[in-house]
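Asker: What follows is a structure written as structure tokens; I'll ask about it next.
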Amino acid sequence: QWSVGAPLGMVRSNHGMTVVDGKLYVVGGYSGTVISSVECFDPSTGQWSAVAAMSTARYGHGVAVVDGKLYVVGGQDNDETSLSSVECFDPSTGQWSAVAAMSTARSSHGVAVVDGKLYAAGGKDATGTHLSSVECFDPSTGQWSAVAAMSTARYSHGVAVADGKLYVVGGVDGTNTCLSSVECFD
């Protein structure tokens, strides 16, 4: 059964969402304009609260958690320009910090974590070109590196991890055709 929960402090769409230490975080998105605000839901109190905003307003970005820290990857800004920037939120300090940018700006991409490393797959670049490229961020070195590209350029796809492998499912290809194809990165 569904039940109604406490509403967000503001309306938003195309935002990122993840869980850190049992709390829900809703990050950025669109609310009549692109926003940088972040809200945190504590299930023990049933309440939302504002936390520090990102330095960059963005929507269509990827969000993932590595070692208890929330990473926000790429997305688009108010000019609908794809971003390569990455920010990291540490809930223990309540502070955001910039981390190394991806080599490719991307939005509408997929983000997931495998073995403590963050992967950004596909999406659209700053010119709107659909991407097959995949980048990997290693928090221990603070650097991004390219990994093998997918066989199909795609955006607006699903990304998940199972059995230590990265799966990319569906999306839209370079001809704006919806896909049923699935790729797996080991």
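For the structure tokens, the naming scheme is as follows: chains receive sequential letters (A, B, ...) according to their order of presentation, residues are indexed from 1 within each chain, and ligands are indexed from 1 in presentation order.
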Excluding same-chain residues fewer than 6 positions from Ser133 in chain A, what lies within 10 Å of it counting only C-alpha atoms, as a PyMOL selection string?

Answerer: chain A and resi 104+106+120-123+146-154

Asker: Output the selection as a tab-separated table (two decimals), in the first residue's frame - all heavy atoms for each residue.

Answerer:
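Saved to result-v6.tsv:
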```tsv
chain	number	residue	atom	x	y	z
A	104	THR	N	34.37	14.44	-20.61
A	104	THR	CA	33.27	14.73	-21.53
A	104	THR	C	32.08	15.28	-20.74
A	104	THR	O	31.66	14.66	-19.76
A	104	THR	CB	32.83	13.46	-22.27
A	104	THR	OG1	33.95	12.93	-22.98
A	104	THR	CG2	31.70	13.73	-23.24
A	106	ARG	N	28.31	15.64	-20.01
A	106	ARG	CA	27.23	14.72	-20.33
A	106	ARG	C	26.02	15.00	-19.45
A	106	ARG	O	26.13	15.37	-18.29
A	106	ARG	CB	27.66	13.25	-20.24
A	106	ARG	CG	28.28	12.79	-18.96
A	106	ARG	CD	28.74	11.31	-19.01
A	106	ARG	NE	30.04	11.16	-19.62
A	106	ARG	CZ	30.33	10.24	-20.56
A	106	ARG	NH1	29.43	9.40	-20.97
A	106	ARG	NH2	31.54	10.16	-21.05
A	120	ALA	N	30.13	6.75	-15.18
A	120	ALA	CA	29.18	7.59	-15.91
A	120	ALA	C	29.12	7.06	-17.34
A	120	ALA	O	30.14	7.03	-18.03
A	120	ALA	CB	29.63	9.04	-15.89
A	121	ALA	N	27.93	6.64	-17.77
A	121	ALA	CA	27.80	5.96	-19.06
A	121	ALA	C	26.82	6.69	-19.97
A	121	ALA	O	25.71	7.04	-19.57
A	121	ALA	CB	27.30	4.53	-18.83
A	122	GLY	N	27.26	6.91	-21.21
A	122	GLY	CA	26.40	7.46	-22.24
A	122	GLY	C	25.96	8.89	-21.95
A	122	GLY	O	26.66	9.67	-21.34
A	123	GLY	N	24.75	9.23	-22.43
A	123	GLY	CA	24.19	10.56	-22.27
A	123	GLY	C	24.34	11.38	-23.53
A	123	GLY	O	24.55	10.87	-24.63
A	146	ALA	N	38.89	6.87	-18.92
A	146	ALA	CA	37.99	6.25	-19.89
A	146	ALA	C	38.05	4.74	-19.73
A	146	ALA	O	39.11	4.17	-19.43
A	146	ALA	CB	38.39	6.64	-21.30
A	147	VAL	N	36.92	4.09	-19.91
A	147	VAL	CA	36.86	2.63	-19.99
A	147	VAL	C	36.23	2.30	-21.34
A	147	VAL	O	35.86	3.20	-22.10
A	147	VAL	CB	36.06	2.00	-18.81
A	147	VAL	CG1	36.74	2.31	-17.49
A	147	VAL	CG2	34.62	2.46	-18.79
A	148	ALA	N	36.11	1.03	-21.65
A	148	ALA	CA	35.56	0.62	-22.94
A	148	ALA	C	34.20	1.26	-23.17
A	148	ALA	O	33.36	1.31	-22.26
A	148	ALA	CB	35.45	-0.90	-22.99
A	149	ALA	N	33.99	1.75	-24.38
A	149	ALA	CA	32.71	2.37	-24.74
A	149	ALA	C	31.65	1.30	-24.97
A	149	ALA	O	31.95	0.15	-25.28
A	149	ALA	CB	32.88	3.20	-26.02
A	150	MET	N	30.40	1.71	-24.81
A	150	MET	CA	29.29	0.82	-25.15
A	150	MET	C	29.24	0.68	-26.67
A	150	MET	O	29.76	1.52	-27.40
A	150	MET	CB	27.97	1.43	-24.65
A	150	MET	CG	27.89	1.58	-23.15
A	150	MET	SD	26.31	2.33	-22.62
A	150	MET	CE	26.48	4.01	-23.23
A	151	SER	N	28.59	-0.35	-27.16
A	151	SER	CA	28.48	-0.53	-28.60
A	151	SER	C	27.44	0.40	-29.20
A	151	SER	O	27.48	0.68	-30.40
A	151	SER	CB	28.15	-1.98	-28.94
A	151	SER	OG	26.89	-2.33	-28.40
A	152	THR	N	26.53	0.92	-28.38
A	152	THR	CA	25.46	1.80	-28.86
A	152	THR	C	25.48	3.11	-28.08
A	152	THR	O	25.48	3.10	-26.86
A	152	THR	CB	24.08	1.12	-28.67
A	152	THR	OG1	24.07	-0.11	-29.38
A	152	THR	CG2	22.95	2.01	-29.16
A	153	ALA	N	25.49	4.23	-28.80
A	153	ALA	CA	25.33	5.53	-28.16
A	153	ALA	C	23.90	5.62	-27.66
A	153	ALA	O	22.96	5.23	-28.37
A	153	ALA	CB	25.63	6.64	-29.15
A	154	ARG	N	23.71	6.12	-26.44
A	154	ARG	CA	22.37	6.18	-25.87
A	154	ARG	C	22.29	7.22	-24.76
A	154	ARG	O	23.28	7.53	-24.11
A	154	ARG	CB	21.93	4.82	-25.35
A	154	ARG	CG	22.81	4.24	-24.27
A	154	ARG	CD	22.34	2.86	-23.79
A	154	ARG	NE	22.80	1.80	-24.67
A	154	ARG	CZ	22.07	0.71	-24.96
A	154	ARG	NH1	20.89	0.52	-24.42
A	154	ARG	NH2	22.54	-0.20	-25.77
```

Asker: Run DSSP on the backbone of this structure and report the residues of range 66-158 of chain A it assigns to strand (DSSP E or B), as number ranges by chain.

Answerer: A: 66, 69-73, 76, 82, 86-90, 95-99, 107, 110-114, 117-121, 124, 130, 134-138, 143-147, 155, 158

Asker: Could you give me, as a PyMOL selection string, the residues within 10 Å of Trp144 in chain A, counting only C-alpha atoms and dropping anything in the same chain fewer than 2 positions from it?

Answerer: chain A and resi 99-103+117-120+135-139+141-142+146-147

Asker: Quick check, in Å to one decimal: how far apart do CA of Ser140 in chain A and CA of Leu83 in chain A lie?

Answerer: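 One can read the CA of Ser140 in chain A to CA of Leu83 in chain A distance as 22.9 Å.
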
Asker: Using Å and a single decimal, report how far CA of Gly74 in chain A sits from CA of Pro91 in chain A.

Answerer: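 Between these atoms lies a distance of 20.3 Å.
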
Asker: Residues within 9 Å of range 165-172 of chain A, please, as a list of chain:residue names. Count only C-alpha atoms; anything in the same chain fewer than 6 positions from it doesn't count.

Answerer: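 Selected residues are A:Gly110, A:Ala112, A:Val113, A:Val114, A:Tyr119, A:Ala121, A:His130, A:Met150, A:Ala153, A:Arg154, A:Tyr155, A:Ser156, A:His157, A:Gly158, A:Val159, A:Cys178, A:Leu179, A:Ser180, A:Ser181, A:Val182, A:Glu183, A:Cys184, A:Phe185, A:Asp186.
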
Asker: Let's have the selection written as a PDB file, in the first residue's frame, with N, CA and C atoms.

Answerer:
```pdb
ATOM      1  N   GLY A 110      23.717   7.721 -17.376  1.00  0.00           N
ATOM      2  CA  GLY A 110      23.529   6.829 -16.242  1.00  0.00           C
ATOM      3  C   GLY A 110      24.755   6.834 -15.355  1.00  0.00           C
ATOM      4  N   ALA A 112      26.447   4.792 -11.828  1.00  0.00           N
ATOM      5  CA  ALA A 112      26.367   3.690 -10.866  1.00  0.00           C
ATOM      6  C   ALA A 112      27.738   3.456 -10.261  1.00  0.00           C
ATOM      7  N   VAL A 113      27.761   2.719  -9.159  1.00  0.00           N
ATOM      8  CA  VAL A 113      29.004   2.431  -8.440  1.00  0.00           C
ATOM      9  C   VAL A 113      29.274   0.933  -8.480  1.00  0.00           C
ATOM     10  N   VAL A 114      30.484   0.574  -8.891  1.00  0.00           N
ATOM     11  CA  VAL A 114      30.943  -0.811  -8.892  1.00  0.00           C
ATOM     12  C   VAL A 114      32.280  -0.848  -8.162  1.00  0.00           C
ATOM     13  N   TYR A 119      30.882   5.144 -12.120  1.00  0.00           N
ATOM     14  CA  TYR A 119      30.864   5.065 -13.578  1.00  0.00           C
ATOM     15  C   TYR A 119      29.783   5.991 -14.126  1.00  0.00           C
ATOM     16  N   ALA A 121      27.934   6.642 -17.768  1.00  0.00           N
ATOM     17  CA  ALA A 121      27.796   5.959 -19.056  1.00  0.00           C
ATOM     18  C   ALA A 121      26.823   6.693 -19.973  1.00  0.00           C
ATOM     19  N   HIS A 130      24.759  12.155 -29.013  1.00  0.00           N
ATOM     20  CA  HIS A 130      24.540  11.006 -28.143  1.00  0.00           C
ATOM     21  C   HIS A 130      25.859  10.267 -27.956  1.00  0.00           C
ATOM     22  N   MET A 150      30.403   1.708 -24.811  1.00  0.00           N
ATOM     23  CA  MET A 150      29.289   0.825 -25.148  1.00  0.00           C
ATOM     24  C   MET A 150      29.239   0.675 -26.670  1.00  0.00           C
ATOM     25  N   ALA A 153      25.487   4.226 -28.805  1.00  0.00           N
ATOM     26  CA  ALA A 153      25.334   5.526 -28.163  1.00  0.00           C
ATOM     27  C   ALA A 153      23.898   5.619 -27.664  1.00  0.00           C
ATOM     28  N   ARG A 154      23.708   6.118 -26.435  1.00  0.00           N
ATOM     29  CA  ARG A 154      22.365   6.180 -25.866  1.00  0.00           C
ATOM     30  C   ARG A 154      22.286   7.218 -24.756  1.00  0.00           C
ATOM     31  N   TYR A 155      21.071   7.725 -24.543  1.00  0.00           N
ATOM     32  CA  TYR A 155      20.794   8.607 -23.414  1.00  0.00           C
ATOM     33  C   TYR A 155      19.436   8.236 -22.837  1.00  0.00           C
ATOM     34  N   SER A 156      19.143   8.761 -21.645  1.00  0.00           N
ATOM     35  CA  SER A 156      17.886   8.460 -20.942  1.00  0.00           C
ATOM     36  C   SER A 156      17.688   6.968 -20.739  1.00  0.00           C
ATOM     37  N   HIS A 157      18.763   6.283 -20.417  1.00  0.00           N
ATOM     38  CA  HIS A 157      18.747   4.837 -20.203  1.00  0.00           C
ATOM     39  C   HIS A 157      18.809   4.526 -18.713  1.00  0.00           C
ATOM     40  N   GLY A 158      18.532   3.289 -18.376  1.00  0.00           N
ATOM     41  CA  GLY A 158      18.667   2.829 -17.002  1.00  0.00           C
ATOM     42  C   GLY A 158      20.034   2.218 -16.793  1.00  0.00           C
ATOM     43  N   VAL A 159      20.574   2.389 -15.579  1.00  0.00           N
ATOM     44  CA  VAL A 159      21.873   1.821 -15.225  1.00  0.00           C
ATOM     45  C   VAL A 159      21.750   1.198 -13.841  1.00  0.00           C
ATOM     46  N   CYS A 178      13.785   4.680 -29.563  1.00  0.00           N
ATOM     47  CA  CYS A 178      13.818   4.026 -28.255  1.00  0.00           C
ATOM     48  C   CYS A 178      14.411   2.633 -28.408  1.00  0.00           C
ATOM     49  N   LEU A 179      15.186   2.229 -27.425  1.00  0.00           N
ATOM     50  CA  LEU A 179      15.929   0.979 -27.497  1.00  0.00           C
ATOM     51  C   LEU A 179      15.401  -0.069 -26.534  1.00  0.00           C
ATOM     52  N   SER A 180      15.538  -1.321 -26.912  1.00  0.00           N
ATOM     53  CA  SER A 180      15.278  -2.424 -25.995  1.00  0.00           C
ATOM     54  C   SER A 180      16.584  -3.141 -25.654  1.00  0.00           C
ATOM     55  N   SER A 181      17.674  -2.697 -26.234  1.00  0.00           N
ATOM     56  CA  SER A 181      18.953  -3.384 -26.069  1.00  0.00           C
ATOM     57  C   SER A 181      19.519  -3.192 -24.662  1.00  0.00           C
ATOM     58  N   VAL A 182      20.332  -4.189 -24.267  1.00  0.00           N
ATOM     59  CA  VAL A 182      20.974  -4.213 -22.953  1.00  0.00           C
ATOM     60  C   VAL A 182      22.457  -4.490 -23.168  1.00  0.00           C
ATOM     61  N   GLU A 183      23.310  -3.738 -22.451  1.00  0.00           N
ATOM     62  CA  GLU A 183      24.743  -3.992 -22.498  1.00  0.00           C
ATOM     63  C   GLU A 183      25.242  -4.193 -21.083  1.00  0.00           C
ATOM     64  N   CYS A 184      26.273  -5.036 -20.941  1.00  0.00           N
ATOM     65  CA  CYS A 184      26.828  -5.362 -19.634  1.00  0.00           C
ATOM     66  C   CYS A 184      28.337  -5.131 -19.665  1.00  0.00           C
ATOM     67  N   PHE A 185      28.860  -4.397 -18.670  1.00  0.00           N
ATOM     68  CA  PHE A 185      30.289  -4.135 -18.562  1.00  0.00           C
ATOM     69  C   PHE A 185      30.836  -4.889 -17.363  1.00  0.00           C
ATOM     70  N   ASP A 186      31.808  -5.745 -17.614  1.00  0.00           N
ATOM     71  CA  ASP A 186      32.434  -6.551 -16.554  1.00  0.00           C
ATOM     72  C   ASP A 186      33.784  -5.928 -16.234  1.00  0.00           C
TER      73      ASP A 186
END
```

Asker: Excluding Glu87 in chain A and any residue of its chain fewer than 2 positions from it, enumerate the residues within 6 Å of it, using only C-alpha atoms, and give them as a JSON list (two decimals) with N, CA and C atoms, in the first residue's frame.

Answerer:
```
[["chain", "number", "residue", "atom", "x", "y", "z"],
["A", 71, "TYR", "N", 27.81, 11.90, -4.69],
["A", 71, "TYR", "CA", 28.42, 12.52, -5.86],
["A", 71, "TYR", "C", 27.34, 12.92, -6.85],
["A", 72, "VAL", "N", 27.45, 14.14, -7.38],
["A", 72, "VAL", "CA", 26.55, 14.64, -8.41],
["A", 72, "VAL", "C", 27.39, 14.86, -9.66],
["A", 97, "SER", "N", 32.11, 19.83, -2.07],
["A", 97, "SER", "CA", 33.42, 20.14, -2.63],
["A", 97, "SER", "C", 33.44, 19.73, -4.09],
["A", 98, "ALA", "N", 34.22, 20.45, -4.88],
["A", 98, "ALA", "CA", 34.39, 20.08, -6.28],
["A", 98, "ALA", "C", 35.38, 18.94, -6.36],
["A", 99, "VAL", "N", 35.14, 18.03, -7.28],
["A", 99, "VAL", "CA", 36.10, 16.97, -7.58],
["A", 99, "VAL", "C", 36.45, 17.09, -9.06]]
```

Asker: Quick one: everything within 10 Å of Leu8 in chain A, counting only C-alpha atoms, minus sequence neighbours fewer than 5 positions away in the same chain. Send it as a ChimeraX atom specification.

Answerer: /A:26,39-41,47-50

Asker: Create the file for the chosen residues now, containing N, CA, C and O atoms and written as a PDB file, in the first residue's frame.

Answerer:
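Produced file out-v1.pdb, reproduced below:
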```
ATOM      1  N   VAL A  26      17.442  14.574  -2.098  1.00  0.00           N
ATOM      2  CA  VAL A  26      16.917  15.007  -3.386  1.00  0.00           C
ATOM      3  C   VAL A  26      17.759  16.205  -3.799  1.00  0.00           C
ATOM      4  O   VAL A  26      17.876  17.185  -3.059  1.00  0.00           O
ATOM      5  N   GLU A  39      17.553  18.746  -0.567  1.00  0.00           N
ATOM      6  CA  GLU A  39      16.732  18.459   0.599  1.00  0.00           C
ATOM      7  C   GLU A  39      17.019  17.049   1.091  1.00  0.00           C
ATOM      8  O   GLU A  39      17.343  16.161   0.307  1.00  0.00           O
ATOM      9  N   CYS A  40      16.890  16.851   2.399  1.00  0.00           N
ATOM     10  CA  CYS A  40      17.168  15.573   3.041  1.00  0.00           C
ATOM     11  C   CYS A  40      15.939  15.127   3.823  1.00  0.00           C
ATOM     12  O   CYS A  40      15.360  15.914   4.585  1.00  0.00           O
ATOM     13  N   PHE A  41      15.533  13.876   3.622  1.00  0.00           N
ATOM     14  CA  PHE A  41      14.391  13.308   4.343  1.00  0.00           C
ATOM     15  C   PHE A  41      14.897  12.305   5.362  1.00  0.00           C
ATOM     16  O   PHE A  41      15.630  11.378   5.023  1.00  0.00           O
ATOM     17  N   GLN A  47      10.384  14.002   8.265  1.00  0.00           N
ATOM     18  CA  GLN A  47      10.485  15.403   7.841  1.00  0.00           C
ATOM     19  C   GLN A  47      11.615  15.627   6.837  1.00  0.00           C
ATOM     20  O   GLN A  47      12.649  14.963   6.891  1.00  0.00           O
ATOM     21  N   TRP A  48      11.386  16.609   5.955  1.00  0.00           N
ATOM     22  CA  TRP A  48      12.402  17.079   5.028  1.00  0.00           C
ATOM     23  C   TRP A  48      13.106  18.282   5.639  1.00  0.00           C
ATOM     24  O   TRP A  48      12.478  19.082   6.332  1.00  0.00           O
ATOM     25  N   SER A  49      14.379  18.440   5.349  1.00  0.00           N
ATOM     26  CA  SER A  49      15.106  19.643   5.751  1.00  0.00           C
ATOM     27  C   SER A  49      16.059  20.029   4.632  1.00  0.00           C
ATOM     28  O   SER A  49      16.528  19.170   3.871  1.00  0.00           O
ATOM     29  N   ALA A  50      16.323  21.317   4.532  1.00  0.00           N
ATOM     30  CA  ALA A  50      17.276  21.799   3.530  1.00  0.00           C
ATOM     31  C   ALA A  50      18.689  21.535   4.036  1.00  0.00           C
ATOM     32  O   ALA A  50      18.961  21.625   5.223  1.00  0.00           O
TER      33      ALA A  50
END
```

Asker: Got a sec: who's within 12 Å of Thr33 in chain A, counting only C-alpha atoms, leaving out chain neighbours fewer than 2 positions off, as number ranges by chain?

Answerer: A: 11-14, 28-31, 35-37, 57-59, 76-80

Asker: Taking only C-alpha atoms into account, name the residue in A:Val73, A:Thr127, A:Tyr25, A:Gly46 that is nearest to Val4 in chain A.

Answerer: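 Of A:Val73, A:Thr127, A:Tyr25, A:Gly46, the one nearest Val4 in chain A is A:Gly46, counting only C-alpha atoms.
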
Asker: Separation of CA of His109 in chain A and CA of Thr81 in chain A, in Å?

Answerer: 13.8 Å
